[in-house]
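Student: This is the content of work-v4.tsv (TSV, C-alpha atoms):
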```tsv
chain	number	residue	atom	x	y	z
A	1	MET	CA	0.00	0.00	0.00
A	2	THR	CA	1.17	3.51	-0.76
A	3	ASP	CA	0.94	6.75	1.20
A	4	PHE	CA	-1.76	8.03	-1.18
A	5	THR	CA	-5.23	8.93	0.10
A	6	GLN	CA	-7.99	10.98	-1.51
A	7	HIS	CA	-11.56	11.55	-0.40
A	8	GLY	CA	-14.72	12.34	-2.30
A	9	SER	CA	-18.46	12.70	-2.03
A	10	CYS	CA	-21.70	13.46	-3.78
A	11	ASN	CA	-23.13	17.00	-3.72
A	12	CYS	CA	-25.41	16.41	-0.73
A	13	GLN	CA	-22.60	14.69	1.25
A	14	SER	CA	-24.78	11.62	1.99
A	15	ILE	CA	-22.18	9.44	0.27
A	16	ARG	CA	-18.49	9.76	1.12
A	17	TYR	CA	-15.61	7.60	-0.08
A	18	THR	CA	-11.85	7.19	0.15
A	19	ILE	CA	-9.34	5.87	-2.35
A	20	THR	CA	-6.08	4.57	-0.90
A	21	ASP	CA	-3.90	4.39	-4.01
A	22	ALA	CA	-3.42	6.51	-7.11
A	23	PRO	CA	-5.58	5.67	-10.12
A	24	LEU	CA	-4.14	3.12	-12.53
A	25	PHE	CA	-5.16	5.35	-15.44
A	26	THR	CA	-7.42	8.35	-15.99
A	27	HIS	CA	-9.31	8.99	-19.19
A	28	VAL	CA	-11.68	11.63	-20.51
A	29	CYS	CA	-14.63	10.07	-22.33
A	30	HIS	CA	-16.25	12.15	-25.07
A	31	CYS	CA	-18.88	9.58	-26.14
A	32	THR	CA	-22.42	10.78	-26.72
A	33	LYS	CA	-23.78	8.59	-23.91
A	34	CYS	CA	-21.43	10.21	-21.35
A	35	GLN	CA	-22.35	13.63	-22.70
A	36	LYS	CA	-26.05	12.94	-22.21
A	37	ARG	CA	-25.60	11.18	-18.85
A	38	THR	CA	-23.55	14.04	-17.37
A	39	GLY	CA	-25.13	16.96	-19.21
A	40	SER	CA	-21.60	18.00	-20.14
A	41	ALA	CA	-19.10	17.67	-22.99
A	42	PHE	CA	-17.28	14.71	-21.40
A	43	VAL	CA	-16.67	12.78	-18.19
A	44	LEU	CA	-13.33	12.28	-16.40
A	45	ASN	CA	-12.93	8.71	-15.09
A	46	ALA	CA	-10.21	7.68	-12.64
A	47	MET	CA	-9.61	3.92	-12.92
A	48	VAL	CA	-9.11	2.56	-9.40
A	49	LEU	CA	-8.81	-1.02	-8.16
A	50	GLU	CA	-11.91	-2.09	-6.22
A	51	ASP	CA	-9.68	-2.90	-3.23
A	52	ASP	CA	-8.41	0.71	-3.18
A	53	PHE	CA	-11.93	2.19	-2.91
A	54	ALA	CA	-14.10	2.27	0.21
A	55	LEU	CA	-17.37	3.95	1.10
A	56	SER	CA	-17.05	5.78	4.41
A	57	GLU	CA	-20.66	7.03	4.58
A	58	GLY	CA	-23.92	6.03	2.96
A	59	ALA	CA	-25.18	3.32	0.64
A	60	LEU	CA	-25.42	3.54	-3.14
A	61	ASP	CA	-28.18	2.95	-5.68
A	62	SER	CA	-27.29	1.77	-9.18
A	63	PHE	CA	-28.62	1.60	-12.70
A	64	SER	CA	-27.36	0.08	-15.93
A	65	THR	CA	-27.23	1.53	-19.42
A	66	LEU	CA	-25.39	0.87	-22.67
A	67	THR	CA	-22.25	2.69	-23.78
A	68	ASP	CA	-21.60	3.94	-27.33
A	69	SER	CA	-19.68	0.71	-27.95
A	70	GLY	CA	-22.65	-1.39	-26.78
A	71	ALA	CA	-21.14	-2.53	-23.47
A	72	GLU	CA	-23.31	-2.51	-20.35
A	73	LEU	CA	-22.26	0.26	-17.97
A	74	SER	CA	-23.35	0.20	-14.33
A	75	ALA	CA	-23.53	3.59	-12.60
A	76	TYR	CA	-23.51	3.88	-8.79
A	77	THR	CA	-25.41	6.89	-7.47
A	78	CYS	CA	-26.42	8.70	-4.32
A	79	PRO	CA	-30.07	7.84	-3.59
A	80	SER	CA	-30.70	11.42	-2.39
A	81	CYS	CA	-29.06	13.78	-4.90
A	82	ARG	CA	-28.59	11.17	-7.69
A	83	ASP	CA	-24.97	12.13	-8.38
A	84	VAL	CA	-22.95	9.33	-10.00
A	85	LEU	CA	-19.94	8.45	-7.83
A	86	TYR	CA	-18.50	5.69	-10.01
A	87	TYR	CA	-19.08	3.34	-12.91
A	88	THR	CA	-18.19	-0.26	-13.71
A	89	LEU	CA	-17.84	-2.03	-17.06
A	90	PRO	CA	-17.59	-5.80	-17.62
A	91	GLY	CA	-14.39	-5.32	-19.66
A	92	PHE	CA	-12.62	-3.76	-16.68
A	93	GLN	CA	-12.48	-6.57	-14.14
A	94	ARG	CA	-11.67	-5.49	-10.53
A	95	ILE	CA	-11.71	-1.83	-11.59
A	96	ILE	CA	-14.12	0.95	-10.80
A	97	MET	CA	-14.16	4.24	-12.69
A	98	VAL	CA	-14.47	7.00	-10.11
A	99	ALA	CA	-16.14	10.14	-11.49
A	100	GLY	CA	-13.32	12.68	-11.32
A	101	GLY	CA	-15.53	15.58	-10.33
A	102	THR	CA	-16.57	13.83	-7.11
A	103	PHE	CA	-13.15	14.12	-5.44
A	104	ASP	CA	-13.11	16.74	-2.67
A	105	ASP	CA	-10.00	18.19	-4.31
A	106	ALA	CA	-9.43	17.03	-7.89
A	107	SER	CA	-6.53	19.40	-8.61
A	108	TRP	CA	-4.06	16.47	-8.58
A	109	LEU	CA	-6.06	14.49	-11.17
A	110	LYS	CA	-4.72	14.65	-14.73
A	111	PRO	CA	-6.01	12.74	-17.78
A	112	ASP	CA	-3.82	10.07	-19.38
A	113	ALA	CA	-5.97	9.81	-22.52
A	114	HIS	CA	-9.05	11.05	-24.34
A	115	ILE	CA	-11.45	8.41	-25.71
A	116	PHE	CA	-14.34	8.46	-28.18
A	117	THR	CA	-13.02	11.69	-29.66
A	118	ARG	CA	-15.04	10.94	-32.81
A	119	SER	CA	-18.02	12.41	-30.93
A	120	LYS	CA	-16.31	15.17	-28.96
A	121	GLN	CA	-17.87	18.61	-29.06
A	122	ALA	CA	-16.38	20.77	-31.83
A	123	TRP	CA	-15.33	23.49	-29.38
A	124	VAL	CA	-13.27	21.05	-27.27
A	125	GLU	CA	-9.62	21.41	-28.25
A	126	LEU	CA	-7.27	18.55	-27.40
A	127	SER	CA	-3.58	18.91	-26.69
A	128	ASP	CA	-0.99	16.83	-28.54
A	129	GLU	CA	0.52	16.04	-25.11
A	130	ILE	CA	-2.29	13.63	-24.17
A	131	PRO	CA	-3.05	10.60	-26.38
A	132	ALA	CA	-6.45	10.74	-28.07
A	133	TYR	CA	-8.40	7.78	-29.46
A	134	ARG	CA	-11.35	7.95	-31.87
A	135	GLU	CA	-12.90	5.07	-29.93
A	136	MET	CA	-11.67	3.01	-26.97
A	137	TYR	CA	-7.97	2.31	-26.45
A	138	GLU	CA	-6.42	-1.13	-26.02
A	139	LEU	CA	-5.55	-1.43	-22.35
A	140	GLU	CA	-2.25	-3.20	-22.97
A	141	LYS	CA	-1.07	-0.48	-25.36
A	142	ALA	CA	-2.32	2.63	-23.55
A	143	TRP	CA	-1.76	1.94	-19.85
A	144	PRO	CA	1.66	2.26	-18.18
A	145	GLN	CA	3.43	-1.02	-17.46
A	146	ALA	CA	3.31	-0.35	-13.70
A	147	SER	CA	-0.50	-0.07	-13.83
A	148	LEU	CA	-0.83	-3.24	-15.90
A	149	ALA	CA	1.40	-5.08	-13.40
A	150	LYS	CA	-0.64	-3.84	-10.44
A	151	LEU	CA	-3.85	-4.94	-12.16
A	152	ALA	CA	-2.35	-8.38	-12.86
A	153	GLU	CA	-1.34	-8.73	-9.20
A	154	SER	CA	-4.79	-7.83	-7.87
```
Could the structure of this file be written out as C-alpha cells, please?

Tutor:
Amino acid sequence: MTDFTQHGSCNCQSIRYTITDAPLFTHVCHCTKCQKRTGSAFVLNAMVLEDDFALSEGALDSFSTLTDSGAELSAYTCPSCRDVLYYTLPGFQRIIMVAGGTFDDASWLKPDAHIFTRSKQAWVELSDEIPAYREMYELEKAWPQASLAKLAES
C-alpha cells in the first residue's frame, strides 16, 4: 500500500468515499452517452482497483445503461441527490471508474488519454501532449506497465 489517500463525495454529502492508491489510469470520455448522462461535454474517469476504494458514509443505488460501444455500464449513485460516484464495465475486471468531479480536491487528477473523440464537441480542443483515441484504447497499449502489473497482481 502507498501513502496516497484521496476523499470524495456526492453534492449532498450523503455518500463519502476514500481511495487509498493513485488511479491506474485516468481517461476523458467524449462519447455521446457520457455527454447525455452528465449533461456535459465529457466525463473524467479515474480507474481505481476495487480494493483501493471504500465507502465511508452512505449506501449507493445503481442503474445500468449501454455505452456507445454497446457494453453494459453500471452507474452507482447517491439515492438522495442522484450524483454518480462511479461506474463499472464488464471489460474492466476489478476496476471501478471513479467520477473525477466527485473528489473533494481534484486538482491532482490529470487525464492520461481522451477516448471516443469521434463524438467530442467541436469546441473542445485537445492537446498533442495527451493521447487521443477515436474510440476506446487497447488497455495493454495505452496503460503504463506499472499499472498493468498492479492490475495483474490484484

Student: With a distance cut-off of 10 Å and all atoms listed in the file, select the neighbouring residues of region 53-64 of chain A, excluding the residue or stretch itself and same-chain residues fewer than 3 positions from it, and output the selection as a VMD selection string.

Tutor: chain A and resid 5 to 9 13 to 21 48 to 50 67 72 to 80 82 84 to 89 95 to 96 98

Student: For the selection just defined, write its residues with C-alpha atoms to a file, as an mmCIF file, keeping the file's coordinate frame.

Tutor:
```
data_model
loop_
_atom_site.group_PDB
_atom_site.id
_atom_site.type_symbol
_atom_site.label_atom_id
_atom_site.label_comp_id
_atom_site.auth_asym_id
_atom_site.auth_seq_id
_atom_site.Cartn_x
_atom_site.Cartn_y
_atom_site.Cartn_z
ATOM 1 C CA THR A 5 -5.230 8.930 0.100
ATOM 2 C CA GLN A 6 -7.990 10.980 -1.510
ATOM 3 C CA HIS A 7 -11.560 11.550 -0.400
ATOM 4 C CA GLY A 8 -14.720 12.340 -2.300
ATOM 5 C CA SER A 9 -18.460 12.700 -2.030
ATOM 6 C CA GLN A 13 -22.600 14.690 1.250
ATOM 7 C CA SER A 14 -24.780 11.620 1.990
ATOM 8 C CA ILE A 15 -22.180 9.440 0.270
ATOM 9 C CA ARG A 16 -18.490 9.760 1.120
ATOM 10 C CA TYR A 17 -15.610 7.600 -0.080
ATOM 11 C CA THR A 18 -11.850 7.190 0.150
ATOM 12 C CA ILE A 19 -9.340 5.870 -2.350
ATOM 13 C CA THR A 20 -6.080 4.570 -0.900
ATOM 14 C CA ASP A 21 -3.900 4.390 -4.010
ATOM 15 C CA VAL A 48 -9.110 2.560 -9.400
ATOM 16 C CA LEU A 49 -8.810 -1.020 -8.160
ATOM 17 C CA GLU A 50 -11.910 -2.090 -6.220
ATOM 18 C CA THR A 67 -22.250 2.690 -23.780
ATOM 19 C CA GLU A 72 -23.310 -2.510 -20.350
ATOM 20 C CA LEU A 73 -22.260 0.260 -17.970
ATOM 21 C CA SER A 74 -23.350 0.200 -14.330
ATOM 22 C CA ALA A 75 -23.530 3.590 -12.600
ATOM 23 C CA TYR A 76 -23.510 3.880 -8.790
ATOM 24 C CA THR A 77 -25.410 6.890 -7.470
ATOM 25 C CA CYS A 78 -26.420 8.700 -4.320
ATOM 26 C CA PRO A 79 -30.070 7.840 -3.590
ATOM 27 C CA SER A 80 -30.700 11.420 -2.390
ATOM 28 C CA ARG A 82 -28.590 11.170 -7.690
ATOM 29 C CA VAL A 84 -22.950 9.330 -10.000
ATOM 30 C CA LEU A 85 -19.940 8.450 -7.830
ATOM 31 C CA TYR A 86 -18.500 5.690 -10.010
ATOM 32 C CA TYR A 87 -19.080 3.340 -12.910
ATOM 33 C CA THR A 88 -18.190 -0.260 -13.710
ATOM 34 C CA LEU A 89 -17.840 -2.030 -17.060
ATOM 35 C CA ILE A 95 -11.710 -1.830 -11.590
ATOM 36 C CA ILE A 96 -14.120 0.950 -10.800
ATOM 37 C CA VAL A 98 -14.470 7.000 -10.110
#
```

Student: Just give me the gap between CA of Leu109 (chain A) and CA of Ile130 (chain A) in Å, one decimal is fine.

Tutor: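 According to the coordinates, CA of Leu109 (chain A) and CA of Ile130 (chain A) are separated by 13.6 Å.
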
Student: Skip Glu135 (chain A) itself and residues of its chain fewer than 5 positions away, then list as a count of residues only all residues within 7 Å of it, counting all atoms listed in the file.

Tutor: 4

Student: For Pro131 (chain A), work out the shell of residues within 10 Å, counting all atoms listed in the file and skipping chain neighbours fewer than 4 positions away, then give it as a list in words.

Tutor: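 Final neighbour list, sorted by chain and number: His27, Pro111, Asp112, Ala113, His114, Ile115, Leu126, Ser127, Tyr137 and Ala142 of chain A.
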
Student: What separation in Å, quoted to one decimal, exists between CA of Cys31 (chain A) and CA of Glu125 (chain A)?

Tutor: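 It comes out at 15.2 Å.
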
Student: Counting all atoms listed in the file, which of A:Ala152, A:Cys12, A:Cys81, A:Val43 gets nearest to Arg94 (chain A)?

Tutor: A:Ala152

Student: Between CA of Ala106 (chain A) and CA of Arg37 (chain A), what is the distance in Å, rounded to a tenth?

Tutor: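 Result for CA of Ala106 (chain A) versus CA of Arg37 (chain A): 20.4 Å, one decimal.
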
Student: Determine the nearest neighbour of Gly100 (chain A) from the options A:Asn45, A:Gln121, A:Thr26, A:Asn11, counting all atoms listed in the file.

Tutor: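 Between A:Asn45, A:Gln121, A:Thr26, A:Asn11, the residue approaching Gly100 (chain A) most closely is A:Asn45.
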
Student: Mind giving me the axis-aligned box for region 17-25 of chain A with 5 Å on every side, centre plus edges in Å to one decimal, as lines of an AutoDock Vina configuration file?

Tutor:
```
center_x = -9.5
center_y = 5.4
center_z = -7.6
size_x = 22.2
size_y = 14.5
size_z = 25.6
```

Student: Which is closest to Phe103 (chain A) among A:Leu44, A:Asp52, A:Thr32, A:Phe25, if we use all atoms listed in the file?

Tutor: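 With all atoms listed in the file as the atom set, the closest residue is A:Leu44.
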
Student: Within 9 Å of (-12.8, -1.6, -21.7) (coordinates as in the file), grab all the protein and nucleic acid residues, counting only C-alpha atoms, and write them out as a PyMOL selection string.

Tutor: chain A and resi 71+89-92+136-139

Student: Using all atoms listed in the file, find the one residue out of A:Cys10, A:Val124, A:Asp3, A:Ser154 that sits nearest to Asp104 (chain A).

Tutor: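 Among A:Cys10, A:Val124, A:Asp3, A:Ser154, it is A:Cys10 that comes nearest to Asp104 (chain A).
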
Student: I need the residue nearest Phe42 (chain A) from this list: A:Ala99, A:Leu66, A:Leu148, A:Ala22. Use only C-alpha atoms for the distance.

Tutor: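 Smallest separation from Phe42 (chain A) among the options: A:Ala99.
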
Student: Please rebuild region 30-51 of chain A with N, CA and C atoms and give the result as a PDB file, keeping the file's coordinate frame.

Tutor:
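Produced file out_17.pdb, reproduced below:
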```pdb
ATOM      1  N   HIS A  30     -15.472  11.185 -24.296  1.00  0.00           N
ATOM      2  CA  HIS A  30     -16.250  12.150 -25.070  1.00  0.00           C
ATOM      3  C   HIS A  30     -17.430  11.493 -25.792  1.00  0.00           C
ATOM      4  N   CYS A  31     -17.796  10.258 -25.430  1.00  0.00           N
ATOM      5  CA  CYS A  31     -18.880   9.580 -26.140  1.00  0.00           C
ATOM      6  C   CYS A  31     -20.214  10.296 -25.904  1.00  0.00           C
ATOM      7  N   THR A  32     -21.134  10.097 -26.825  1.00  0.00           N
ATOM      8  CA  THR A  32     -22.420  10.780 -26.720  1.00  0.00           C
ATOM      9  C   THR A  32     -23.215  10.334 -25.496  1.00  0.00           C
ATOM     10  N   LYS A  33     -23.063   9.080 -25.095  1.00  0.00           N
ATOM     11  CA  LYS A  33     -23.780   8.590 -23.910  1.00  0.00           C
ATOM     12  C   LYS A  33     -23.287   9.307 -22.653  1.00  0.00           C
ATOM     13  N   CYS A  34     -21.972   9.481 -22.512  1.00  0.00           N
ATOM     14  CA  CYS A  34     -21.430  10.210 -21.350  1.00  0.00           C
ATOM     15  C   CYS A  34     -21.854  11.670 -21.389  1.00  0.00           C
ATOM     16  N   GLN A  35     -21.905  12.243 -22.580  1.00  0.00           N
ATOM     17  CA  GLN A  35     -22.350  13.630 -22.700  1.00  0.00           C
ATOM     18  C   GLN A  35     -23.794  13.775 -22.204  1.00  0.00           C
ATOM     19  N   LYS A  36     -24.650  12.865 -22.629  1.00  0.00           N
ATOM     20  CA  LYS A  36     -26.050  12.940 -22.210  1.00  0.00           C
ATOM     21  C   LYS A  36     -26.210  12.621 -20.723  1.00  0.00           C
ATOM     22  N   ARG A  37     -25.480  11.597 -20.244  1.00  0.00           N
ATOM     23  CA  ARG A  37     -25.600  11.180 -18.850  1.00  0.00           C
ATOM     24  C   ARG A  37     -25.148  12.271 -17.882  1.00  0.00           C
ATOM     25  N   THR A  38     -24.104  13.021 -18.269  1.00  0.00           N
ATOM     26  CA  THR A  38     -23.550  14.040 -17.370  1.00  0.00           C
ATOM     27  C   THR A  38     -24.084  15.439 -17.663  1.00  0.00           C
ATOM     28  N   GLY A  39     -24.699  15.625 -18.829  1.00  0.00           N
ATOM     29  CA  GLY A  39     -25.130  16.960 -19.210  1.00  0.00           C
ATOM     30  C   GLY A  39     -23.945  17.865 -19.506  1.00  0.00           C
ATOM     31  N   SER A  40     -22.830  17.254 -19.892  1.00  0.00           N
ATOM     32  CA  SER A  40     -21.600  18.000 -20.140  1.00  0.00           C
ATOM     33  C   SER A  40     -20.954  17.501 -21.429  1.00  0.00           C
ATOM     34  N   ALA A  41     -19.796  18.039 -21.757  1.00  0.00           N
ATOM     35  CA  ALA A  41     -19.100  17.670 -22.990  1.00  0.00           C
ATOM     36  C   ALA A  41     -18.340  16.354 -22.856  1.00  0.00           C
ATOM     37  N   PHE A  42     -18.066  15.929 -21.634  1.00  0.00           N
ATOM     38  CA  PHE A  42     -17.280  14.710 -21.400  1.00  0.00           C
ATOM     39  C   PHE A  42     -17.363  14.347 -19.923  1.00  0.00           C
ATOM     40  N   VAL A  43     -16.808  13.184 -19.590  1.00  0.00           N
ATOM     41  CA  VAL A  43     -16.670  12.780 -18.190  1.00  0.00           C
ATOM     42  C   VAL A  43     -15.211  12.370 -17.973  1.00  0.00           C
ATOM     43  N   LEU A  44     -14.690  12.663 -16.794  1.00  0.00           N
ATOM     44  CA  LEU A  44     -13.330  12.280 -16.400  1.00  0.00           C
ATOM     45  C   LEU A  44     -13.437  11.087 -15.468  1.00  0.00           C
ATOM     46  N   ASN A  45     -12.866   9.944 -15.877  1.00  0.00           N
ATOM     47  CA  ASN A  45     -12.930   8.710 -15.090  1.00  0.00           C
ATOM     48  C   ASN A  45     -11.553   8.325 -14.581  1.00  0.00           C
ATOM     49  N   ALA A  46     -11.449   8.137 -13.272  1.00  0.00           N
ATOM     50  CA  ALA A  46     -10.210   7.680 -12.640  1.00  0.00           C
ATOM     51  C   ALA A  46     -10.349   6.186 -12.367  1.00  0.00           C
ATOM     52  N   MET A  47      -9.534   5.372 -13.049  1.00  0.00           N
ATOM     53  CA  MET A  47      -9.610   3.920 -12.920  1.00  0.00           C
ATOM     54  C   MET A  47      -8.874   3.485 -11.652  1.00  0.00           C
ATOM     55  N   VAL A  48      -9.633   2.926 -10.714  1.00  0.00           N
ATOM     56  CA  VAL A  48      -9.110   2.560  -9.400  1.00  0.00           C
ATOM     57  C   VAL A  48      -9.438   1.090  -9.145  1.00  0.00           C
ATOM     58  N   LEU A  49      -8.507   0.361  -8.549  1.00  0.00           N
ATOM     59  CA  LEU A  49      -8.810  -1.020  -8.160  1.00  0.00           C
ATOM     60  C   LEU A  49      -9.917  -1.018  -7.105  1.00  0.00           C
ATOM     61  N   GLU A  50     -10.815  -1.983  -7.200  1.00  0.00           N
ATOM     62  CA  GLU A  50     -11.910  -2.090  -6.220  1.00  0.00           C
ATOM     63  C   GLU A  50     -11.369  -2.107  -4.791  1.00  0.00           C
ATOM     64  N   ASP A  51     -10.252  -2.799  -4.572  1.00  0.00           N
ATOM     65  CA  ASP A  51      -9.680  -2.900  -3.230  1.00  0.00           C
ATOM     66  C   ASP A  51      -9.135  -1.580  -2.708  1.00  0.00           C
TER      67      ASP A  51
END
```
